[in-house]
file work_7.pdb (PDB, C-alpha atoms, pLDDT in the B column)
ATOM      1  CA  LYS W  20     -98.393 117.926 -69.927  1.00 79.00           C
ATOM      2  CA  THR W  21     -95.174 116.135 -69.150  1.00 82.00           C
ATOM      3  CA  GLU W  22     -93.074 119.182 -70.025  1.00 84.00           C
ATOM      4  CA  LEU W  23     -95.092 121.228 -67.538  1.00 87.00           C
ATOM      5  CA  ILE W  24     -94.631 118.587 -64.831  1.00 89.00           C
ATOM      6  CA  ASN W  25     -90.883 118.466 -65.554  1.00 88.00           C
ATOM      7  CA  ALA W  26     -90.626 122.266 -65.336  1.00 90.00           C
ATOM      8  CA  ILE W  27     -92.514 122.506 -62.052  1.00 92.00           C
ATOM      9  CA  PHE W  28     -91.193 119.531 -60.128  1.00 93.00           C
ATOM     10  CA  PHE W  29     -87.774 118.678 -61.575  1.00 93.00           C
ATOM     11  CA  ALA W  30     -86.288 122.075 -62.521  1.00 91.00           C
ATOM     12  CA  ASP W  31     -83.694 121.781 -59.727  1.00 91.00           C
ATOM     13  CA  TYR W  32     -82.179 118.802 -61.545  1.00 92.00           C
ATOM     14  CA  GLY W  33     -81.517 120.905 -64.642  1.00 89.00           C
ATOM     15  CA  ARG W  34     -83.005 118.285 -66.950  1.00 88.00           C
ATOM     16  CA  ARG W  35     -86.170 116.402 -67.794  1.00 86.00           C
ATOM     17  CA  LEU W  36     -86.726 113.450 -65.520  1.00 90.00           C
ATOM     18  CA  LEU W  37     -90.103 112.313 -66.822  1.00 87.00           C
ATOM     19  CA  PRO W  38     -89.810 111.127 -70.441  1.00 83.00           C
ATOM     20  CA  SER W  39     -91.225 113.653 -72.879  1.00 73.00           C
ATOM     21  CA  THR W  40     -89.921 113.034 -76.358  1.00 66.00           C
ATOM     22  CA  ALA W  41     -92.050 113.110 -79.493  1.00 63.00           C
ATOM     23  CA  GLY W  42     -94.268 110.049 -79.645  1.00 60.00           C
ATOM     24  CA  ARG W  43     -93.223 108.858 -76.195  1.00 61.00           C
ATOM     25  CA  THR W  44     -95.195 109.996 -73.205  1.00 69.00           C
ATOM     26  CA  THR W  45     -96.807 108.424 -70.174  1.00 74.00           C
ATOM     27  CA  MET W  46     -98.561 105.222 -71.199  1.00 79.00           C
ATOM     28  CA  CYS W  47    -100.416 104.729 -67.939  1.00 84.00           C
ATOM     29  CA  PRO W  48    -102.281 107.071 -65.617  1.00 85.00           C
ATOM     30  CA  THR W  49     -99.695 108.533 -63.254  1.00 88.00           C
ATOM     31  CA  GLU W  50    -100.249 110.042 -59.805  1.00 91.00           C
ATOM     32  CA  MET W  51     -97.585 112.324 -58.338  1.00 94.00           C
ATOM     33  CA  PHE W  52     -97.806 113.122 -54.641  1.00 96.00           C
ATOM     34  CA  TYR W  53     -95.778 113.033 -51.436  1.00 97.00           C
ATOM     35  CA  ASP W  54     -96.200 109.926 -49.275  1.00 97.00           C
ATOM     36  CA  GLN W  55     -95.707 111.117 -45.704  1.00 95.00           C
ATOM     37  CA  GLN W  56     -95.761 107.524 -44.428  1.00 95.00           C
ATOM     38  CA  ALA W  57     -92.821 106.378 -46.574  1.00 94.00           C
ATOM     39  CA  ASP W  58     -89.218 106.907 -45.595  1.00 90.00           C
ATOM     40  CA  HIS W  59     -88.089 107.371 -49.207  1.00 95.00           C
ATOM     41  CA  ALA W  60     -89.200 108.609 -52.618  1.00 97.00           C
ATOM     42  CA  TYR W  61     -90.433 105.933 -55.005  1.00 97.00           C
ATOM     43  CA  VAL W  62     -92.177 104.864 -58.174  1.00 97.00           C
ATOM     44  CA  ARG W  63     -94.713 102.074 -57.688  1.00 97.00           C
ATOM     45  CA  LEU W  64     -96.246 100.461 -60.731  1.00 96.00           C
ATOM     46  CA  LEU W  65     -99.303  98.296 -61.158  1.00 95.00           C
ATOM     47  CA  PRO W  66     -98.790  95.659 -63.880  1.00 96.00           C
ATOM     48  CA  ILE W  67    -101.258  95.764 -66.762  1.00 94.00           C
ATOM     49  CA  GLU W  68    -102.222  92.121 -66.076  1.00 94.00           C
ATOM     50  CA  THR W  69    -104.093  93.271 -62.943  1.00 94.00           C
ATOM     51  CA  ARG W  70    -106.881  94.278 -65.348  1.00 92.00           C
ATOM     52  CA  LEU W  71    -107.795  90.583 -65.323  1.00 92.00           C
ATOM     53  CA  GLN W  72    -108.474  90.634 -61.571  1.00 93.00           C
ATOM     54  CA  ASP W  73    -111.956  91.274 -60.261  1.00 91.00           C
ATOM     55  CA  ARG W  74    -110.756  94.020 -57.904  1.00 92.00           C
ATOM     56  CA  SER W  75    -111.104  97.777 -58.093  1.00 87.00           C
ATOM     57  CA  LEU W  76    -108.147  99.961 -58.937  1.00 84.00           C
ATOM     58  CA  ALA W  77    -108.294 101.406 -55.417  1.00 85.00           C
ATOM     59  CA  GLU W  78    -108.058  97.915 -53.898  1.00 92.00           C
ATOM     60  CA  LEU W  79    -105.122  96.992 -56.109  1.00 91.00           C
ATOM     61  CA  LYS W  80    -103.253 100.224 -55.324  1.00 89.00           C
ATOM     62  CA  ALA W  81    -103.693  99.571 -51.598  1.00 90.00           C
ATOM     63  CA  ASP W  82    -102.263  96.036 -51.934  1.00 91.00           C
ATOM     64  CA  SER W  83     -98.475  96.507 -51.894  1.00 87.00           C
ATOM     65  CA  GLY W  84     -98.067  92.910 -53.083  1.00 93.00           C
ATOM     66  CA  CYS W  85     -99.526  93.914 -56.457  1.00 94.00           C
ATOM     67  CA  LEU W  86     -97.122  96.810 -57.023  1.00 97.00           C
ATOM     68  CA  VAL W  87     -93.606  96.795 -58.477  1.00 97.00           C
ATOM     69  CA  ASN W  88     -91.474  99.215 -56.439  1.00 97.00           C
ATOM     70  CA  TYR W  89     -88.540 101.333 -57.633  1.00 97.00           C
ATOM     71  CA  PRO W  90     -86.944 103.462 -54.873  1.00 97.00           C
ATOM     72  CA  LEU W  91     -85.713 106.854 -56.113  1.00 97.00           C
ATOM     73  CA  ASP W  92     -82.153 107.959 -55.313  1.00 97.00           C
ATOM     74  CA  LEU W  93     -82.736 111.706 -55.179  1.00 96.00           C
ATOM     75  CA  ALA W  94     -78.986 112.363 -55.376  1.00 96.00           C
ATOM     76  CA  SER W  95     -78.839 110.747 -58.835  1.00 96.00           C
ATOM     77  CA  ALA W  96     -80.748 112.427 -61.674  1.00 95.00           C
ATOM     78  CA  ASP W  97     -79.831 109.485 -63.913  1.00 95.00           C
ATOM     79  CA  GLN W  98     -81.340 106.926 -61.538  1.00 97.00           C
ATOM     80  CA  VAL W  99     -84.512 108.982 -61.009  1.00 96.00           C
ATOM     81  CA  ALA W 100     -84.908 109.468 -64.772  1.00 94.00           C
ATOM     82  CA  GLU W 101     -84.402 105.747 -65.372  1.00 95.00           C
ATOM     83  CA  ALA W 102     -87.015 104.794 -62.768  1.00 96.00           C
ATOM     84  CA  LEU W 103     -89.499 107.400 -64.023  1.00 94.00           C
ATOM     85  CA  GLY W 104     -88.881 106.086 -67.546  1.00 92.00           C
ATOM     86  CA  GLU W 105     -90.944 103.035 -66.635  1.00 93.00           C
ATOM     87  CA  VAL W 106     -94.149 105.040 -67.215  1.00 90.00           C
ATOM     88  CA  ILE W 107     -93.575 104.998 -70.997  1.00 87.00           C
ATOM     89  CA  LYS W 108     -92.794 101.306 -71.302  1.00 90.00           C
ATOM     90  CA  THR W 109     -94.890  99.114 -73.529  1.00 89.00           C
ATOM     91  CA  ARG W 110     -94.724  95.527 -74.675  1.00 91.00           C
ATOM     92  CA  ARG W 111     -96.043  93.457 -77.520  1.00 94.00           C
ATOM     93  CA  VAL W 112     -98.632  90.812 -76.781  1.00 94.00           C
ATOM     94  CA  SER W 113    -100.719  88.548 -78.934  1.00 93.00           C
ATOM     95  CA  LEU W 114    -103.957  89.954 -80.277  1.00 91.00           C
ATOM     96  CA  GLU W 115    -105.814  87.479 -78.070  1.00 92.00           C
ATOM     97  CA  GLN W 116    -104.051  88.781 -74.944  1.00 93.00           C
ATOM     98  CA  ALA W 117    -104.740  92.422 -75.863  1.00 90.00           C
ATOM     99  CA  VAL W 118    -108.434  91.690 -76.435  1.00 89.00           C
ATOM    100  CA  GLY W 119    -108.584  89.733 -73.152  1.00 91.00           C
ATOM    101  CA  LEU W 120    -107.096  92.696 -71.286  1.00 90.00           C
ATOM    102  CA  GLY W 121    -109.648  95.011 -72.884  1.00 86.00           C
ATOM    103  CA  LEU W 122    -106.927  96.959 -74.700  1.00 85.00           C
ATOM    104  CA  TYR W 123    -107.876  96.146 -78.276  1.00 82.00           C
ATOM    105  CA  GLU W 124    -111.218  95.991 -80.000  1.00 79.00           C
ATOM    106  CA  PRO W 125    -110.881  94.909 -83.653  1.00 73.00           C
ATOM    107  CA  LYS W 126    -114.077  96.788 -84.641  1.00 74.00           C
ATOM    108  CA  GLN W 127    -112.471 100.056 -83.510  1.00 70.00           C
ATOM    109  CA  HIS W 128    -109.651  99.629 -86.033  1.00 65.00           C
ATOM    110  CA  PRO W 129    -111.368  99.501 -89.427  1.00 64.00           C
ATOM    111  CA  HIS W 130    -108.249 100.945 -91.088  1.00 68.00           C
ATOM    112  CA  HIS W 131    -106.409  97.642 -90.552  1.00 62.00           C
ATOM    113  CA  ASP W 132    -106.563  95.623 -93.770  1.00 70.00           C
ATOM    114  CA  THR W 133    -105.678  92.489 -91.844  1.00 77.00           C
ATOM    115  CA  THR W 134    -105.940  91.619 -88.206  1.00 78.00           C
ATOM    116  CA  PRO W 135    -102.555  92.073 -86.522  1.00 83.00           C
ATOM    117  CA  GLU W 136    -100.882  89.090 -84.880  1.00 87.00           C
ATOM    118  CA  SER W 137     -99.607  91.207 -82.013  1.00 90.00           C
ATOM    119  CA  VAL W 138    -100.443  94.549 -80.419  1.00 87.00           C
ATOM    120  CA  GLU W 139     -98.334  97.009 -78.445  1.00 89.00           C
ATOM    121  CA  ILE W 140     -99.882  97.695 -75.035  1.00 89.00           C
ATOM    122  CA  PRO W 141     -98.790  99.605 -71.938  1.00 89.00           C
ATOM    123  CA  LYS W 142     -96.591  97.569 -69.589  1.00 93.00           C
ATOM    124  CA  TRP W 143     -98.167  99.224 -66.563  1.00 93.00           C
ATOM    125  CA  ARG W 144    -101.754  99.953 -65.599  1.00 91.00           C
ATOM    126  CA  HIS W 145    -101.066 102.740 -63.116  1.00 91.00           C
ATOM    127  CA  ALA W 146     -98.064 104.572 -61.656  1.00 93.00           C
ATOM    128  CA  LEU W 147     -97.673 106.112 -58.211  1.00 95.00           C
ATOM    129  CA  ILE W 148     -94.783 108.547 -57.795  1.00 96.00           C
ATOM    130  CA  SER W 149     -93.935 109.830 -54.331  1.00 97.00           C
ATOM    131  CA  PHE W 150     -91.553 112.778 -54.588  1.00 97.00           C
ATOM    132  CA  PRO W 151     -90.521 115.279 -51.889  1.00 96.00           C
ATOM    133  CA  HIS W 152     -91.253 118.532 -53.752  1.00 96.00           C
ATOM    134  CA  PRO W 153     -92.533 121.382 -51.511  1.00 96.00           C
ATOM    135  CA  LEU W 154     -95.835 121.653 -53.427  1.00 95.00           C
ATOM    136  CA  LEU W 155     -96.439 117.922 -53.115  1.00 96.00           C
ATOM    137  CA  LYS W 156     -95.509 118.025 -49.420  1.00 96.00           C
ATOM    138  CA  LYS W 157     -98.283 120.616 -48.953  1.00 96.00           C
ATOM    139  CA  GLY W 158    -100.828 118.143 -50.314  1.00 93.00           C
ATOM    140  CA  LEU W 159    -100.890 118.792 -54.050  1.00 93.00           C
ATOM    141  CA  CYS W 160    -101.530 115.623 -56.031  1.00 92.00           C
ATOM    142  CA  ILE W 161    -101.071 115.531 -59.802  1.00 90.00           C
ATOM    143  CA  LEU W 162    -102.931 113.019 -61.961  1.00 85.00           C
ATOM    144  CA  ASP W 163    -101.384 112.760 -65.412  1.00 83.00           C
ATOM    145  CA  THR W 164    -103.481 110.729 -67.816  1.00 78.00           C
ATOM    146  CA  PRO W 165    -101.974 109.360 -71.021  1.00 74.00           C
ATOM    147  CA  GLY W 166    -104.231 111.332 -73.316  1.00 61.00           C
ATOM    148  CA  LEU W 167    -106.642 109.782 -75.771  1.00 56.00           C
ATOM    149  CA  ASN W 168    -106.361 106.195 -74.547  1.00 46.00           C
ATOM    150  CA  ALA W 169    -106.912 106.994 -70.839  1.00 45.00           C
ATOM    151  CA  LEU W 170    -110.696 106.861 -70.855  1.00 44.00           C
ATOM    152  CA  GLY W 171    -110.853 103.595 -72.784  1.00 50.00           C
ATOM    153  CA  SER W 172    -108.233 101.741 -70.770  1.00 59.00           C
ATOM    154  CA  GLU W 173    -109.001 103.024 -67.258  1.00 65.00           C
ATOM    155  CA  PRO W 174    -112.502 104.512 -67.065  1.00 61.00           C
ATOM    156  CA  GLU W 175    -112.611 103.972 -63.290  1.00 63.00           C
ATOM    157  CA  LEU W 176    -109.638 106.253 -62.790  1.00 66.00           C
ATOM    158  CA  THR W 177    -110.657 108.923 -65.259  1.00 63.00           C
ATOM    159  CA  LEU W 178    -114.321 109.108 -64.320  1.00 68.00           C
ATOM    160  CA  ASN W 179    -114.041 108.655 -60.549  1.00 70.00           C
ATOM    161  CA  MET W 180    -111.053 110.860 -59.790  1.00 70.00           C
ATOM    162  CA  LEU W 181    -111.842 113.883 -61.950  1.00 73.00           C
ATOM    163  CA  PRO W 182    -115.069 114.895 -60.135  1.00 77.00           C
ATOM    164  CA  SER W 183    -113.200 114.997 -56.814  1.00 75.00           C
ATOM    165  CA  ALA W 184    -110.391 117.158 -58.209  1.00 78.00           C
ATOM    166  CA  GLN W 185    -110.160 120.720 -56.985  1.00 81.00           C
ATOM    167  CA  ALA W 186    -108.805 121.793 -60.362  1.00 81.00           C
ATOM    168  CA  VAL W 187    -108.494 120.244 -63.803  1.00 79.00           C
ATOM    169  CA  LEU W 188    -105.940 121.432 -66.328  1.00 78.00           C
ATOM    170  CA  PHE W 189    -106.733 120.359 -69.878  1.00 76.00           C
ATOM    171  CA  VAL W 190    -103.615 120.617 -72.028  1.00 76.00           C
ATOM    172  CA  LEU W 191    -103.860 120.729 -75.811  1.00 74.00           C
ATOM    173  CA  GLY W 192    -101.019 120.379 -78.269  1.00 71.00           C
ATOM    174  CA  ALA W 193    -100.586 123.664 -80.143  1.00 76.00           C
ATOM    175  CA  ASP W 194     -99.965 121.704 -83.333  1.00 76.00           C
ATOM    176  CA  THR W 195    -103.045 119.439 -83.015  1.00 72.00           C
ATOM    177  CA  GLY W 196    -105.685 121.385 -81.072  1.00 71.00           C
ATOM    178  CA  VAL W 197    -108.904 119.663 -80.073  1.00 74.00           C
ATOM    179  CA  THR W 198    -109.317 116.210 -81.658  1.00 66.00           C
TER     180      THR W 198
END

call {"tool": "encode", "arguments": {"input": "work_7.pdb", "output": "structure tokens"}}
result
Amino acid sequence: KTELINAIFFADYGRRLLPSTAGRTTMCPTEMFYDQQADHAYVRLLPIETRLQDRSLAELKADSGCLVNYPLDLASADQVAEALGEVIKTRRVSLEQAVGLGLYEPKQHPHHDTTPESVEIPKWRHALISFPHPLLKKGLCILDTPGLNALGSEPELTLNMLPSAQAVLFVLGADTGVT
């Protein structure tokens, strides 16, 4: 998925700007669009801790005080790549914190001989990327979900946004197929 997004939207840079190496892909649902109200391109990220708030994802996204903002310097591929690299960031938290955030259920991991002391979780809950590509300026909005863990970690996003989509592209890895 990320390779396709890189090819369509960042080909003019001559390199991948969204991270897409083996084992490292978007860790949070990511929306790409063009924000006509903003005077610059940006990445805005919703911290994973907002899962503890009793507010909808839509409410949190609308509250700029909840978002961490990274302006994009479109003249610098390195800076854009670094800012977009935030979407793959994770962090280790205690098992108790992961369970409290709803990101770990011990019963779903029967292969663990012992309960881990810490768990790696996404750093961000959601990413908003405003980028001035001609297709995005015409109203195209891309929703890139992080694969198998998207439904479990953000059912509101996955279940509420997909029915309103005009098109859904389901991408399978040629080496893994349907799992």

call {"tool": "resolve_selection", "arguments": {"input": "work_7.pdb", "expression": "the PyMOL selection byres ((chain W and resi 68) around 9)", "output": "short mmCIF file (atom, residue, chain, number, x, y, z; two decimals) with C-alpha atoms, in the coordinates of the input"}}
result
data_model
loop_
_atom_site.label_atom_id
_atom_site.label_comp_id
_atom_site.auth_asym_id
_atom_site.auth_seq_id
_atom_site.Cartn_x
_atom_site.Cartn_y
_atom_site.Cartn_z
CA LEU W 65 -99.30 98.30 -61.16
CA PRO W 66 -98.79 95.66 -63.88
CA ILE W 67 -101.26 95.76 -66.76
CA THR W 69 -104.09 93.27 -62.94
CA ARG W 70 -106.88 94.28 -65.35
CA LEU W 71 -107.80 90.58 -65.32
CA GLN W 72 -108.47 90.63 -61.57
CA LEU W 120 -107.10 92.70 -71.29
CA LYS W 142 -96.59 97.57 -69.59
CA TRP W 143 -98.17 99.22 -66.56
CA ARG W 144 -101.75 99.95 -65.60
#

call {"tool": "residues_around", "arguments": {"input": "work_7.pdb", "residues": "stretch 30-33 of chain W", "least_positions_apart": "4", "cutoff": "10 Å", "atoms": "all atoms listed in the file", "output": "ChimeraX atom specification"}}
result
/W:24-26,93-97

call {"tool": "closest_residue", "arguments": {"input": "work_7.pdb", "among": "W:Val118, W:Leu155, W:Ile140, W:Ala146", "to": "W:Leu103", "atoms": "all atoms listed in the file"}}
result
W:Ala146

call {"tool": "atom_distance", "arguments": {"input": "work_7.pdb", "atom1": "atom CA of W:Leu154", "atom2": "atom CA of W:Met51"}}
result
10.7 Å

call {"tool": "resolve_selection", "arguments": {"input": "work_7.pdb", "expression": "the PyMOL selection byres ((chain W and resi 92) around 12)", "output": "PDB file with C-alpha atoms, in the frame of the given file"}}
result
ATOM      1  CA  HIS W  59     -88.089 107.371 -49.207  1.00 95.00           C
ATOM      2  CA  ALA W  60     -89.200 108.609 -52.618  1.00 97.00           C
ATOM      3  CA  TYR W  61     -90.433 105.933 -55.005  1.00 97.00           C
ATOM      4  CA  VAL W  62     -92.177 104.864 -58.174  1.00 97.00           C
ATOM      5  CA  TYR W  89     -88.540 101.333 -57.633  1.00 97.00           C
ATOM      6  CA  PRO W  90     -86.944 103.462 -54.873  1.00 97.00           C
ATOM      7  CA  LEU W  91     -85.713 106.854 -56.113  1.00 97.00           C
ATOM      8  CA  LEU W  93     -82.736 111.706 -55.179  1.00 96.00           C
ATOM      9  CA  ALA W  94     -78.986 112.363 -55.376  1.00 96.00           C
ATOM     10  CA  SER W  95     -78.839 110.747 -58.835  1.00 96.00           C
ATOM     11  CA  ALA W  96     -80.748 112.427 -61.674  1.00 95.00           C
ATOM     12  CA  ASP W  97     -79.831 109.485 -63.913  1.00 95.00           C
ATOM     13  CA  GLN W  98     -81.340 106.926 -61.538  1.00 97.00           C
ATOM     14  CA  VAL W  99     -84.512 108.982 -61.009  1.00 96.00           C
ATOM     15  CA  ALA W 100     -84.908 109.468 -64.772  1.00 94.00           C
ATOM     16  CA  GLU W 101     -84.402 105.747 -65.372  1.00 95.00           C
ATOM     17  CA  ALA W 102     -87.015 104.794 -62.768  1.00 96.00           C
ATOM     18  CA  LEU W 103     -89.499 107.400 -64.023  1.00 94.00           C
ATOM     19  CA  SER W 149     -93.935 109.830 -54.331  1.00 97.00           C
ATOM     20  CA  PHE W 150     -91.553 112.778 -54.588  1.00 97.00           C
ATOM     21  CA  PRO W 151     -90.521 115.279 -51.889  1.00 96.00           C
TER      22      PRO W 151
END

call {"tool": "closest_residue", "arguments": {"input": "work_7.pdb", "among": "W:Leu36, W:Val190, W:Leu114, W:Leu122", "to": "W:Lys20", "atoms": "all atoms listed in the file"}}
result
W:Val190

call {"tool": "residues_around", "arguments": {"input": "work_7.pdb", "residues": "W:Leu64", "least_positions_apart": "5", "cutoff": "9 Å", "atoms": "all atoms listed in the file", "output": "list of chain:residue names"}}
result
W:Lys80, W:Cys85, W:Leu86, W:Val87, W:Asn88, W:Tyr89, W:Glu105, W:Val106, W:Trp143, W:Arg144, W:His145, W:Ala146, W:Leu147, W:Ile148

call {"tool": "write_last_selection", "arguments": {"input": "work_7.pdb", "atoms": "C-alpha atoms", "output": "PDB file, keeping the file's coordinate frame"}}
result
ATOM      1  CA  LYS W  80    -103.253 100.224 -55.324  1.00 89.00           C
ATOM      2  CA  CYS W  85     -99.526  93.914 -56.457  1.00 94.00           C
ATOM      3  CA  LEU W  86     -97.122  96.810 -57.023  1.00 97.00           C
ATOM      4  CA  VAL W  87     -93.606  96.795 -58.477  1.00 97.00           C
ATOM      5  CA  ASN W  88     -91.474  99.215 -56.439  1.00 97.00           C
ATOM      6  CA  TYR W  89     -88.540 101.333 -57.633  1.00 97.00           C
ATOM      7  CA  GLU W 105     -90.944 103.035 -66.635  1.00 93.00           C
ATOM      8  CA  VAL W 106     -94.149 105.040 -67.215  1.00 90.00           C
ATOM      9  CA  TRP W 143     -98.167  99.224 -66.563  1.00 93.00           C
ATOM     10  CA  ARG W 144    -101.754  99.953 -65.599  1.00 91.00           C
ATOM     11  CA  HIS W 145    -101.066 102.740 -63.116  1.00 91.00           C
ATOM     12  CA  ALA W 146     -98.064 104.572 -61.656  1.00 93.00           C
ATOM     13  CA  LEU W 147     -97.673 106.112 -58.211  1.00 95.00           C
ATOM     14  CA  ILE W 148     -94.783 108.547 -57.795  1.00 96.00           C
TER      15      ILE W 148
END
